[in-house]
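Source file: model38.txt. Holds: compact mmCIF, C-alpha atoms and all ligand atoms.
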```txt
# COMPACT_ATOMS: atom_id res chain seq x y z
CA MET A 17 56.23 109.46 106.53
CA ALA A 18 57.13 106.01 105.13
CA LYS A 19 56.70 103.14 107.60
CA LYS A 20 59.91 101.25 108.52
CA THR A 21 60.09 97.65 107.25
CA LYS A 22 61.07 94.77 109.55
CA ASP A 23 64.54 94.47 107.95
CA GLU A 24 65.34 98.17 107.97
CA ILE A 25 68.61 98.98 109.73
CA ASN A 26 68.26 101.16 112.81
CA ALA A 27 71.23 103.56 112.77
CA ALA A 28 70.87 104.30 116.51
CA ASP A 29 71.20 100.57 117.30
CA VAL A 30 74.24 100.20 115.03
CA SER A 31 76.03 103.22 116.52
CA ALA A 32 75.29 101.96 120.07
CA GLN A 33 76.70 98.54 119.12
CA LEU A 34 79.84 100.12 117.64
CA GLU A 35 80.30 102.19 120.78
CA ARG A 36 79.87 99.13 123.05
CA LEU A 37 82.24 97.07 120.90
CA ALA A 38 84.88 99.79 121.30
CA ARG A 39 84.28 99.90 125.08
CA LEU A 40 84.53 96.12 125.50
CA THR A 41 87.68 96.03 123.39
CA ARG A 42 89.28 98.73 125.54
CA ALA A 43 88.17 97.04 128.77
CA ALA A 44 89.98 93.87 127.61
CA SER A 45 93.17 95.83 126.90
CA TYR A 46 94.59 95.85 130.43
CA VAL A 47 96.89 92.89 129.79
CA SER A 48 100.65 92.19 129.84
CA GLY A 49 101.11 95.08 132.27
CA LEU A 50 99.94 97.63 129.67
CA ASN A 51 96.90 99.90 129.44
CA PRO A 52 94.82 100.71 126.31
CA ALA A 53 96.74 103.94 125.56
CA GLN A 54 100.07 102.08 125.69
CA TRP A 55 98.77 99.40 123.30
CA ASP A 56 97.51 102.17 120.97
CA ALA A 57 100.98 103.72 120.88
CA LEU A 58 102.76 100.41 120.24
CA ARG A 59 100.36 99.55 117.42
CA TYR A 60 100.75 102.95 115.81
CA ILE A 61 104.56 102.82 115.86
CA ALA A 62 104.47 99.31 114.35
CA ARG A 63 102.25 100.46 111.47
CA THR A 64 103.68 103.86 110.63
CA ASN A 65 106.39 105.02 108.22
CA ARG A 66 109.63 106.88 109.00
CA PHE A 67 108.03 110.31 108.34
CA SER A 68 105.29 109.67 110.90
CA ASN A 69 106.98 107.94 113.87
CA SER A 70 107.01 111.08 116.00
CA PRO A 71 105.20 112.01 119.24
CA LYS A 72 103.42 114.80 117.36
CA ALA A 73 102.03 112.46 114.68
CA LEU A 74 101.02 109.94 117.35
CA THR A 75 99.14 112.72 119.19
CA GLN A 76 97.28 113.56 115.97
CA TYR A 77 96.52 109.91 115.20
CA LEU A 78 95.06 109.25 118.65
CA ALA A 79 93.33 112.66 118.71
CA THR A 80 94.60 113.18 122.26
CA THR A 81 96.82 115.66 124.12
CA LYS A 82 100.58 116.17 124.03
CA GLY A 83 100.77 115.52 127.81
CA THR A 84 98.95 112.18 127.62
CA VAL A 85 101.16 110.96 124.77
CA SER A 86 104.28 112.12 126.57
CA GLN A 87 103.31 110.10 129.70
CA THR A 88 102.46 107.03 127.62
CA LEU A 89 105.77 107.17 125.74
CA ALA A 90 107.78 107.67 128.94
CA SER A 91 106.28 104.51 130.48
CA LEU A 92 106.88 102.48 127.28
CA VAL A 93 110.52 103.59 127.20
CA LYS A 94 110.86 102.66 130.89
CA LYS A 95 109.45 99.19 130.17
CA GLY A 96 112.02 98.78 127.37
CA LEU A 97 109.36 98.53 124.63
CA LEU A 98 110.46 101.49 122.55
CA THR A 99 113.30 103.93 122.02
CA LYS A 100 113.23 107.69 121.46
CA ILE A 101 116.14 109.03 119.46
CA ILE A 102 116.87 112.45 117.94
CA ARG A 103 116.00 112.32 114.23
CA ALA A 104 119.01 112.54 111.89
CA GLY A 105 119.31 116.07 110.50
CA ASN A 106 116.64 117.53 112.81
CA ASN A 107 117.61 118.14 116.44
CA ARG A 108 114.07 119.20 117.33
CA SER A 109 112.38 116.00 116.21
CA VAL A 110 112.25 112.62 117.95
CA ALA A 111 111.94 109.28 116.14
CA LEU A 112 110.09 106.49 117.95
CA THR A 113 111.14 102.89 117.27
CA LEU A 114 109.94 99.60 118.74
CA THR A 115 112.59 97.52 120.48
CA GLU A 116 112.72 93.74 119.94
CA LEU A 117 110.80 93.41 123.22
CA GLY A 118 108.20 95.86 121.90
CA LYS A 119 107.76 93.78 118.72
CA THR A 120 107.46 90.56 120.75
CA THR A 121 104.94 92.15 123.12
CA LEU A 122 102.72 93.07 120.16
CA ARG A 123 102.28 89.36 119.42
CA ASP A 124 99.98 89.36 122.50
CA ASP A 125 98.06 92.43 121.37
CA PRO A 126 94.51 92.08 122.80
CA LEU A 127 93.13 93.62 119.60
CA LEU A 128 94.10 90.40 117.79
CA HIS A 129 90.90 88.81 119.19
CA LEU A 130 88.83 91.33 117.25
CA GLU A 131 91.06 90.93 114.18
CA HIS A 132 90.45 87.16 114.20
CA ALA A 133 86.71 87.66 114.70
CA ILE A 134 86.62 89.98 111.65
CA ASP A 135 88.61 87.43 109.66
CA ASN A 136 86.01 84.80 110.52
CA LEU A 137 83.10 86.82 109.10
CA SER A 138 81.80 85.49 105.80
CA GLY A 139 83.43 87.01 102.69
CA LYS A 140 80.48 89.25 101.75
CA THR A 141 79.87 90.47 105.33
CA LYS A 142 83.57 91.14 105.80
CA ARG A 143 83.82 93.16 102.56
CA ARG A 144 80.73 95.24 103.38
CA PHE A 145 81.83 95.75 106.99
CA ALA A 146 85.29 96.89 105.83
CA ARG A 147 83.80 99.32 103.33
CA GLY A 148 81.26 100.63 105.82
CA THR A 149 83.73 101.22 108.66
CA ALA A 150 86.22 102.89 106.27
CA GLU A 151 83.49 105.26 105.03
CA LEU A 152 82.33 106.06 108.57
CA LEU A 153 85.87 106.72 109.76
CA ASP A 154 86.53 108.95 106.78
CA MET A 155 83.36 110.99 107.33
CA GLU A 156 84.03 111.43 111.05
CA ARG A 157 87.68 112.42 110.62
CA GLN A 158 86.73 114.94 107.91
CA ARG A 159 84.03 116.37 110.19
CA GLN A 160 86.67 116.77 112.92
CA ASN A 161 89.28 118.02 110.43
CA GLN A 162 91.74 115.24 111.33
CA PRO A 163 94.48 113.89 109.01
CA GLY A 164 93.69 110.73 107.05
CA PHE A 165 96.75 108.61 107.90
CA GLY A 166 96.43 106.59 104.72
CA THR A 167 99.14 104.78 102.78
CA CYS A 168 101.16 105.61 99.66
CA GLN A 169 98.86 103.64 97.35
CA ASN A 170 96.25 106.41 97.46
CA CYS A 171 98.58 109.41 97.83
CA ARG A 172 99.09 112.14 95.24
CA TYR A 173 102.83 112.29 96.09
CA HIS A 174 103.48 108.62 95.33
CA ARG A 175 105.28 107.76 92.07
CA GLU A 176 106.01 104.25 90.86
CA ASP A 177 108.44 103.43 88.09
CA GLY A 178 108.82 99.68 87.75
CA GLN A 179 110.26 98.47 91.05
CA ILE A 180 111.11 102.03 92.22
CA HIS A 181 108.71 103.83 94.56
CA LYS A 182 109.24 107.49 95.36
CA CYS A 183 107.70 110.10 97.64
CA MET A 184 107.65 113.43 95.76
CA LEU A 185 106.82 115.34 98.96
CA MET A 186 109.85 114.10 100.90
CA GLY A 187 112.01 113.59 97.79
CA GLU A 188 112.98 110.11 98.96
CA GLU A 189 112.81 106.57 97.66
CA LEU A 190 110.52 104.13 99.44
CA SER A 191 110.69 100.38 99.78
CA VAL A 192 107.61 98.36 98.78
CA ALA A 193 107.03 97.60 102.48
CA GLU A 194 107.12 101.32 103.33
CA THR A 195 104.40 102.11 100.78
CA LYS A 196 102.01 99.99 102.89
CA LEU A 197 102.65 101.88 106.16
CA LEU A 198 100.55 104.73 107.59
CA CYS A 199 101.72 108.25 106.78
CA VAL A 200 100.74 111.51 108.49
CA GLU A 201 101.43 113.40 105.24
CA GLN A 202 99.28 111.19 103.00
CA THR A 203 97.17 113.32 100.68
CA PRO A 204 94.49 111.55 98.64
S1 LIG B 301 103.91 109.24 99.01
FE1 LIG B 301 102.40 110.18 100.35
S2 LIG B 301 101.86 108.58 101.80
FE2 LIG B 301 103.78 107.97 100.81
S3 LIG B 301 105.39 108.74 102.14
FE3 LIG B 301 105.00 110.33 100.63
S4 LIG B 301 103.48 111.70 101.55
FE4 LIG B 301 103.50 109.79 102.73
```

Kindly return the structure encoded in the file as structure tokens.
Ligand code: SF4
Amino acid sequence: MAKKTKDEINAADVSAQLERLARLTRAASYVSGLNPAQWDALRYIARTNRFSNSPKALTQYLATTKGTVSQTLASLVKKGLLTKIIRAGNNRSVALTLTELGKTTLRDDPLLHLEHAIDNLSGKTKRRFARGTAELLDMERQRQNQPGFGTCQNCRYHREDGQIHKCMLMGEELSVAETKLLCVEQTP
């Protein structure tokens, strides 16, 4: 068996570091009267498109249970951070929307500390880190058979004709801003 060189990356160390980073980040998420699950939900609703802002899609995104999401959403509604309304044309579906207070609260998102730290990495490290984490996430979600939650840019249903963007799956036009949001239906 080939001997390991001094510079060789130890995958066990890297996975332990990733796991600890995730733990520390979650431990620092009990701020502004919210818990980590509530921050997760607010972030998701802020980043998702109008086809994906449902409790069901949120449950899939967080890979959790319907009951947990239901409790989280009820407390966010009670705090005035989001609204749940019946979706137009579908009585059985609920659309989740951030209130103005919800949007303001996200300005104090504890995850911003990590975002700034990533931004401060050197260009090459940041690019490699971004590529590496995206590949790892993709492998793990495929192994667990979870949806990708990508954006329109890499979706087979996205059509662009000049300034017009269209979703061929939903048969609807999309604004440029919407093409950059997460979608539960995204299909590479
Ligand atoms: S084009 Fe794809 S990613 Fe965009 S809204 Fe349609 S299904 Fe979702």

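In this model, the gap between atom CA of A:Asn107 and atom CA of A:Lys182 comes to 25.1 Å.
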
Using only C-alpha atoms and all ligand atoms, determine which residues fall within 8 Å of ligand LIG 301 (chain B), then list them as a count of residues only.
-> 27

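Our summary of the geometry notes that atom CA of A:Asp177 is positioned 12.3 Å from atom CA of A:Ser191.
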
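Nearest residue to A:Ala44, choosing from A:Leu97, A:Leu197, A:Leu92, A:Leu130 and counting only C-alpha atoms: A:Leu130.
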
Sorted by chain and rising residue number, which residues of stretch 89-161 of chain A lie within 8 Å of stretch 48-62 of chain A, and what are their closest atom pairs and distances in Å to one decimal, counting only C-alpha atoms, as a Markdown table?
```
| residue | atom | partner | partner_atom | distance |
| --- | --- | --- | --- | --- |
| A:Leu89 | CA | A:Gln54 | CA | 7.6 |
| A:Leu92 | CA | A:Gln54 | CA | 7.0 |
| A:Leu112 | CA | A:Ile61 | CA | 7.0 |
| A:Thr113 | CA | A:Ile61 | CA | 6.7 |
| A:Leu114 | CA | A:Ile61 | CA | 6.9 |
| A:Gly118 | CA | A:Leu58 | CA | 7.3 |
| A:Lys119 | CA | A:Ala62 | CA | 7.8 |
| A:Thr121 | CA | A:Ser48 | CA | 8.0 |
| A:Leu122 | CA | A:Leu58 | CA | 7.3 |
| A:Asp124 | CA | A:Ser48 | CA | 7.9 |
| A:Asp125 | CA | A:Trp55 | CA | 7.3 |
```

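Between atom CA of A:Ser70 and atom CA of A:Thr88 there is a distance of 13.1 Å.
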
Residues at most 8 Å from A:Thr115, counting only C-alpha atoms, excluding those fewer than 6 positions away in the same chain, as a PyMOL selection string?
-> chain A and resi 96-99

Leaving out A:Leu127 and any residue of its chain fewer than 3 positions from it, which residues lie within 8 Å of it when counting all atoms listed in the file, given as a list in words?
-> Thr41, Ser45, Leu130 and Glu131 of chain A
